[in-house]
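These notes are about the structure you will find just below.
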Amino acid sequence: MAAINQAGAALIGRKPDPPARLTAAEVAALIDAGAAVVDIRPGREYDRGHIPGSYSVGLEGPWSAWVGWLVARGRPIVLAGGTEAQHREAQRQLYRIGFDTIAGALDGGLDAWLSSGGEVSEFETVDVEDMAAWILSAEPMTVVDVRDEHEWSEGHVPGAVHIYVPDVPYRAGEIPPEAPVAVHCASGYRAGIAASLLEQAGLKRIIHVNGQYSDWDRLHLAETIP
Amino acid sequence: MFAVDVFPAPELGNASFVVSDKARGVAVAIDPLRDVDAYLKKADWLGVKVTHALDTHLHNDFVSGRRELQAEAGSNIEVLEPGSELKVGSATLRAIHTPGHTPDHLSYLLIDGKRPRALFSGGAVMVGAIARTDLLGPHLAVHLAMEALRTLQVRLRGLPDDIAVYPTHGSGSFCGTGGRSGHETTLGDERATNPFFQTTEVMLSTNSVTPLTTATWRQSTKQALR
């Protein structure tokens with residue numbers, strides 16, 4: 001971004017137009033042309049139904065930090081879900097970091113997408129307690145911990161695989177595709193992002209652990225501390 | 001009499017500032033973001049003109065709004081030389097060279113009634129921290145860490161304890177090294193509690209600041225992205 005500041009970014013004006021409202025057909029065409037769809041709803045809503053291959057980054061978190069990290073600068077971005085006021089907020093955050101390629105926002109949200117015959121996919125949403133029960137059942141599954149190295153080294157679920165969120169696109173191949181994969185972080189926010197990255201990587205049965213990792217300790221479950 | 005308005009940008013962990021003199025109808029924006037409507041709304045409300053827009057340093061985490069203010073409000077965006085001054089109504093802003101976070105980093109000292117009143121410190125002094133010195137590469141990190149300490153111990157030494165400090169980078173910033181939340185403190189509080197002010201031995205500081213700048217940035221990303 002220093003280079004952008006040295007060169008001087010394009011002017012956006014005092015009141016930039018809001019993101020264009022796109023029909024489902026326009027969004028589908030943009031996806032085919034390589035656009036990134038970023039769904040701005042909370043992860044729990046995203047899990048219930050979303051455009052396959054979209055990024056789940058809830059506007060309630062440090063939104064542009066994650067979008068800026070995961071989506072390549074210059075790639076057209078389509079916003080999905082959320083209100084028009086939220087689209088403006090997302091646009092403001094993107095402009096602030098010099099991401100100017102906002103193609104628009106899906107008009108009518110996921111309802112419009114569905115009624116135009118668009119496909120949706122779903123994730124299971126579970127709590128830490130559900131994940132624990134599953135692990136103890138000894139059914140095959142992979143637990144992916146997407147917290148950072150510091151958090152991981154302070155203690156983690158025995159047998160979990162550690163892949164920090166931004167590394168998921170590069171390391172998803174290490175996860176066995178045949179078993180379900182449960183993805184967790186500290187609060188559920190980053191796990192939601194990572195779950196969408198796992199779907200992009202081709203994994204099929206994705207379980208979003210949307211709860212506080214501190215529950216693991218509350219349930220008196222053992223941790224591995226490296 | 002001057003007034004300071006703080007404009008936090010929580011997704012960036014940063015803040016920007018407008019210093020105004022309502023009676024004289026003038027204001028200066030410091031480290032403005034690219035979406036300048038909020039500053040101009042405030043200026044309209046106060047009945048002041050944003051005569052100048054200043055950056056404390058070459059930003060690498062957001063696009064500067066200086067050019068936008070030049071286009072929208074006719075603000076002067078000329079860069080102040082270290083030691084030079086700028087009138088804001090009855091008050092004066094003096095540029096002080098405070099390298100560390102970047103080599104050319106400036107802080108702006110607000111002087112009113114012949115007394116220093118406030119320091120707009122960018123990343124030179126944060127609330128309980130200083131900004132990273134390793135962002136320009138490992139070859140400069142140690143040198144800049146030394147400069148950062150010299151800034152705290154030498155360059156700012158003559159300033160009184162009771163002046164307000166307004167840091168641009170806050171605890172959630174990618175450019176920060178942790179610290180506490182908020183964008184307003186006093187120099188006296190920082191001298192008493194900020195760990196970077198406690199370090200005075202040069203050898204100790206090379207040993208402690210280098211690992212700090214690399215190890216604690218992960219800590220700060222963790223806070224930013226949780």
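To be explicit about the labels: the chains of the structure tokens are called A, B, and onward in the order shown, and within each one the residues are counted from 1, while ligands get numbers from 1 in the order they are shown.
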Please identify every residue of chain B that has at least one atom no farther than 9 Å from an atom of chain A, counting only C-alpha atoms, and for each give the shortest atom pair and the distance in Å to one decimal, arranged by chain then increasing number, as CSV.
residue,atom,partner,partner_atom,distance
B:Pro10,CA,A:Pro62,CA,7.5
B:Glu11,CA,A:Pro62,CA,4.5
B:Leu12,CA,A:Ala65,CA,7.2
B:Gly13,CA,A:Pro62,CA,9.0
B:Leu33,CA,A:Arg96,CA,6.3
B:Arg34,CA,A:Arg96,CA,5.6
B:Asp35,CA,A:Arg14,CA,6.8
B:Val36,CA,A:Arg14,CA,6.1
B:Asp37,CA,A:Arg14,CA,5.3
B:Leu40,CA,A:Arg14,CA,8.5
B:Leu58,CA,A:Ala2,CA,6.1
B:His59,CA,A:Ala2,CA,5.6
B:Asn60,CA,A:Ala2,CA,4.5
B:Asp61,CA,A:Met1,CA,6.2
B:Phe62,CA,A:Ile97,CA,4.6
B:Val63,CA,A:Arg96,CA,5.5
B:Ser64,CA,A:Asn5,CA,6.4
B:Gly65,CA,A:Arg96,CA,8.6
B:Arg67,CA,A:Gly8,CA,7.3
B:Glu68,CA,A:Leu11,CA,6.0
B:Leu69,CA,A:Arg14,CA,8.6
B:Ala71,CA,A:Gly13,CA,8.0
B:Glu72,CA,A:Arg14,CA,6.6
B:Phe174,CA,A:Ala65,CA,8.8
B:Arg218,CA,A:His150,CA,7.8
B:Gln219,CA,A:His150,CA,7.7
B:Lys222,CA,A:Asp148,CA,7.1
B:Ala224,CA,A:Pro62,CA,6.9
B:Leu225,CA,A:Pro62,CA,6.0
B:Arg226,CA,A:Arg190,CA,7.1
Next, write the just-selected residues to a file, as an mmCIF file, in the first residue's frame, keeping N, CA and C atoms as the atom set.
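out13.cif written:
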data_model
loop_
_atom_site.group_PDB
_atom_site.id
_atom_site.type_symbol
_atom_site.label_atom_id
_atom_site.label_comp_id
_atom_site.auth_asym_id
_atom_site.auth_seq_id
_atom_site.Cartn_x
_atom_site.Cartn_y
_atom_site.Cartn_z
ATOM 1 N N PRO B 10 -12.080 1.091 13.352
ATOM 2 C CA PRO B 10 -11.800 -0.120 14.139
ATOM 3 C C PRO B 10 -11.276 -1.287 13.308
ATOM 4 N N GLU B 11 -11.711 -1.408 12.051
ATOM 5 C CA GLU B 11 -11.254 -2.559 11.261
ATOM 6 C C GLU B 11 -9.768 -2.455 10.943
ATOM 7 N N LEU B 12 -9.238 -1.234 11.025
ATOM 8 C CA LEU B 12 -7.805 -1.045 10.791
ATOM 9 C C LEU B 12 -7.037 -0.922 12.105
ATOM 10 N N GLY B 13 -7.755 -0.732 13.202
ATOM 11 C CA GLY B 13 -7.091 -0.478 14.480
ATOM 12 C C GLY B 13 -6.462 0.905 14.522
ATOM 13 N N LEU B 33 -8.215 9.091 6.287
ATOM 14 C CA LEU B 33 -8.516 7.955 5.415
ATOM 15 C C LEU B 33 -9.067 8.480 4.093
ATOM 16 N N ARG B 34 -9.249 7.560 3.177
ATOM 17 C CA ARG B 34 -9.615 7.940 1.817
ATOM 18 C C ARG B 34 -11.075 8.376 1.711
ATOM 19 N N ASP B 35 -11.930 7.866 2.580
ATOM 20 C CA ASP B 35 -13.330 8.298 2.570
ATOM 21 C C ASP B 35 -13.439 9.512 3.478
ATOM 22 N N VAL B 36 -13.445 10.676 2.866
ATOM 23 C CA VAL B 36 -13.243 11.914 3.626
ATOM 24 C C VAL B 36 -14.551 12.575 4.058
ATOM 25 N N ASP B 37 -15.672 11.946 3.743
ATOM 26 C CA ASP B 37 -16.948 12.586 4.042
ATOM 27 C C ASP B 37 -17.094 12.913 5.529
ATOM 28 N N LEU B 40 -15.278 16.076 6.449
ATOM 29 C CA LEU B 40 -15.868 17.271 5.854
ATOM 30 C C LEU B 40 -17.221 17.581 6.485
ATOM 31 N N LEU B 58 4.548 7.517 5.687
ATOM 32 C CA LEU B 58 4.080 6.831 4.485
ATOM 33 C C LEU B 58 3.337 5.577 4.950
ATOM 34 N N HIS B 59 2.040 5.567 4.748
ATOM 35 C CA HIS B 59 1.217 4.483 5.298
ATOM 36 C C HIS B 59 1.293 3.241 4.427
ATOM 37 N N ASN B 60 1.326 2.105 5.127
ATOM 38 C CA ASN B 60 1.358 0.829 4.400
ATOM 39 C C ASN B 60 0.125 -0.016 4.727
ATOM 40 N N ASP B 61 -0.782 0.531 5.539
ATOM 41 C CA ASP B 61 -1.969 -0.248 5.918
ATOM 42 C C ASP B 61 -3.270 0.389 5.455
ATOM 43 N N PHE B 62 -3.186 1.598 4.918
ATOM 44 C CA PHE B 62 -4.390 2.198 4.339
ATOM 45 C C PHE B 62 -3.980 3.252 3.320
ATOM 46 N N VAL B 63 -4.946 3.588 2.482
ATOM 47 C CA VAL B 63 -4.701 4.614 1.472
ATOM 48 C C VAL B 63 -4.947 5.981 2.110
ATOM 49 N N SER B 64 -3.981 6.854 1.996
ATOM 50 C CA SER B 64 -4.113 8.186 2.589
ATOM 51 C C SER B 64 -5.224 8.980 1.901
ATOM 52 N N GLY B 65 -5.960 9.758 2.692
ATOM 53 C CA GLY B 65 -7.024 10.588 2.138
ATOM 54 C C GLY B 65 -6.587 12.013 1.840
ATOM 55 N N ARG B 67 -4.979 13.372 -0.730
ATOM 56 C CA ARG B 67 -5.288 13.841 -2.098
ATOM 57 C C ARG B 67 -6.796 14.039 -2.262
ATOM 58 N N GLU B 68 -7.546 13.189 -1.578
ATOM 59 C CA GLU B 68 -8.999 13.302 -1.643
ATOM 60 C C GLU B 68 -9.437 14.638 -1.012
ATOM 61 N N LEU B 69 -8.803 15.008 0.109
ATOM 62 C CA LEU B 69 -9.132 16.283 0.749
ATOM 63 C C LEU B 69 -8.681 17.467 -0.111
ATOM 64 N N ALA B 71 -8.721 17.423 -3.333
ATOM 65 C CA ALA B 71 -9.699 17.530 -4.420
ATOM 66 C C ALA B 71 -11.055 18.027 -3.920
ATOM 67 N N GLU B 72 -11.455 17.571 -2.744
ATOM 68 C CA GLU B 72 -12.815 17.862 -2.271
ATOM 69 C C GLU B 72 -12.905 19.164 -1.477
ATOM 70 N N PHE B 174 -2.313 -3.523 12.332
ATOM 71 C CA PHE B 174 -1.283 -4.391 11.758
ATOM 72 C C PHE B 174 0.103 -3.811 11.975
ATOM 73 N N ARG B 218 2.789 -10.872 15.745
ATOM 74 C CA ARG B 218 1.810 -11.956 15.649
ATOM 75 C C ARG B 218 0.734 -11.772 16.713
ATOM 76 N N GLN B 219 1.225 -11.352 17.873
ATOM 77 C CA GLN B 219 0.295 -11.054 18.955
ATOM 78 C C GLN B 219 -0.701 -9.984 18.515
ATOM 79 N N LYS B 222 -3.119 -11.273 16.032
ATOM 80 C CA LYS B 222 -4.065 -12.123 16.742
ATOM 81 C C LYS B 222 -5.188 -11.270 17.332
ATOM 82 N N ALA B 224 -5.991 -8.327 16.336
ATOM 83 C CA ALA B 224 -6.713 -7.646 15.266
ATOM 84 C C ALA B 224 -7.725 -8.567 14.609
ATOM 85 N N LEU B 225 -7.388 -9.832 14.501
ATOM 86 C CA LEU B 225 -8.192 -10.717 13.667
ATOM 87 C C LEU B 225 -9.061 -11.672 14.455
ATOM 88 N N ARG B 226 -8.993 -11.625 15.748
ATOM 89 C CA ARG B 226 -9.781 -12.586 16.522
ATOM 90 C C ARG B 226 -11.263 -12.390 16.277
#
Enumerate, as a PyMOL selection string, the complete set of residues in region 3-226 of chain A that a backbone-based DSSP assignment places in strand (DSSP E).
-> chain A and resi 21-22+36-39+55-56+77-80+102-106+124-126+142-145+161-162+181-184+206-209
Filtered DSSP result for region 22-182 of chain B, state alpha helix (DSSP H), as a ChimeraX atom specification | /B:37-46,66-73,138-150
All residues 12 Å or closer to Ala172 (chain A), only C-alpha atoms, same chain fewer than 2 positions away omitted, as JSON, numbers by chain = {"A": [142, 144, 146, 161, 162, 163, 164, 165, 166, 167, 168, 169, 170, 174, 175, 176, 177, 181, 183, 194, 195, 196, 197, 198, 199, 200, 201, 202, 203, 204]}
Gly170 (chain B): which residues within 7 Å, counting only C-alpha atoms, same-chain residues fewer than 3 positions away excluded, as a PyMOL selection string?
-> chain B and resi 13-14+126-127+167+173+176+181-183
Save the residues we just selected, C-alpha atoms, as a short mmCIF file (atom, residue, chain, number, x, y, z; two decimals), in the first residue's frame?
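What landed in result.cif:
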data_model
loop_
_atom_site.label_atom_id
_atom_site.label_comp_id
_atom_site.auth_asym_id
_atom_site.auth_seq_id
_atom_site.Cartn_x
_atom_site.Cartn_y
_atom_site.Cartn_z
CA GLY B 13 -7.09 -0.48 14.48
CA ASN B 14 -6.29 3.11 13.54
CA MET B 126 1.19 4.24 20.89
CA VAL B 127 -0.98 3.60 23.94
CA PRO B 167 -1.54 7.91 18.23
CA SER B 173 -3.38 -2.25 14.08
CA GLY B 176 1.29 -2.07 16.06
CA SER B 181 -6.93 0.17 23.08
CA GLY B 182 -7.81 3.82 22.58
CA HIS B 183 -6.35 6.68 20.63
#
Point-to-point distance from CA of Arg48 (chain A) to CA of Phe123 (chain A), Å rounded to tenths =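 It comes out at 6.5 Å.
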Could you name the residues that touch Lys49 (chain B) at 8 Å or less, counting only C-alpha atoms, but leaving out those on the same chain fewer than 5 positions away, as a list in words?
-> Gly25, Val26, Ala27, Ala43, Asp44 and Ala73 of chain B
Include N, CA and C atoms and write out the residues we just selected as a compact mmCIF listing (two decimals), in the first residue's frame.
# COMPACT_ATOMS: atom_id res chain seq x y z
N GLY B 25 -12.13 29.51 12.08
CA GLY B 25 -12.69 28.87 10.89
C GLY B 25 -11.74 27.96 10.13
N VAL B 26 -10.75 27.40 10.83
CA VAL B 26 -9.78 26.55 10.13
C VAL B 26 -9.59 25.21 10.84
N ALA B 27 -9.14 24.23 10.08
CA ALA B 27 -8.88 22.90 10.63
C ALA B 27 -7.78 22.22 9.83
N ALA B 43 -16.30 19.27 9.60
CA ALA B 43 -15.84 20.62 9.29
C ALA B 43 -17.03 21.53 8.97
N ASP B 44 -17.98 21.01 8.21
CA ASP B 44 -19.18 21.79 7.88
C ASP B 44 -19.93 22.15 9.16
N ALA B 73 -11.83 19.53 -0.81
CA ALA B 73 -11.91 20.69 0.07
C ALA B 73 -10.81 21.72 -0.20
How far is it from CA of Thr185 (chain B) to CA of Tyr166 (chain B), in Å with one decimal?
->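 It comes out at 6.6 Å.
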Expressed in Å, the length from CA of Lys41 (chain B) to CA of Thr56 (chain B) is 22.6 Å
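Minimum atom-to-atom distance to Pro52 (chain A), evaluated using only C-alpha atoms, belongs to A:Gly118 out of A:Gly74, A:Gly104, A:Pro140, A:Gly118.
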Determine the nearest neighbour of Val157 (chain A) from the options A:Leu114, A:Ile225, A:Leu30, A:Val209, counting only C-alpha atoms.
->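 Going through A:Leu114, A:Ile225, A:Leu30, A:Val209 one by one, the smallest distance to Val157 (chain A) is for A:Ile225.
Taking only C-alpha atoms, the non-local environment of region 124-126 of chain A within 7 Å (same-chain residues fewer than 6 positions away omitted) comprises A:Arg44, A:Asp47, A:Ile206, A:Ile207, A:His208, A:Val209, A:Asn210.
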Preceding selection exported with C-alpha atoms as a JSON list (two decimals), in the first residue's frame:
[["chain", "number", "residue", "atom", "x", "y", "z"],
["A", 44, "ARG", "CA", -24.08, -18.88, 11.17],
["A", 47, "ASP", "CA", -23.68, -21.90, 6.94],
["A", 206, "ILE", "CA", -17.58, -29.21, 6.25],
["A", 207, "ILE", "CA", -18.55, -28.59, 9.85],
["A", 208, "HIS", "CA", -18.19, -25.08, 11.19],
["A", 209, "VAL", "CA", -17.51, -25.11, 14.91],
["A", 210, "ASN", "CA", -19.07, -21.80, 15.83]]
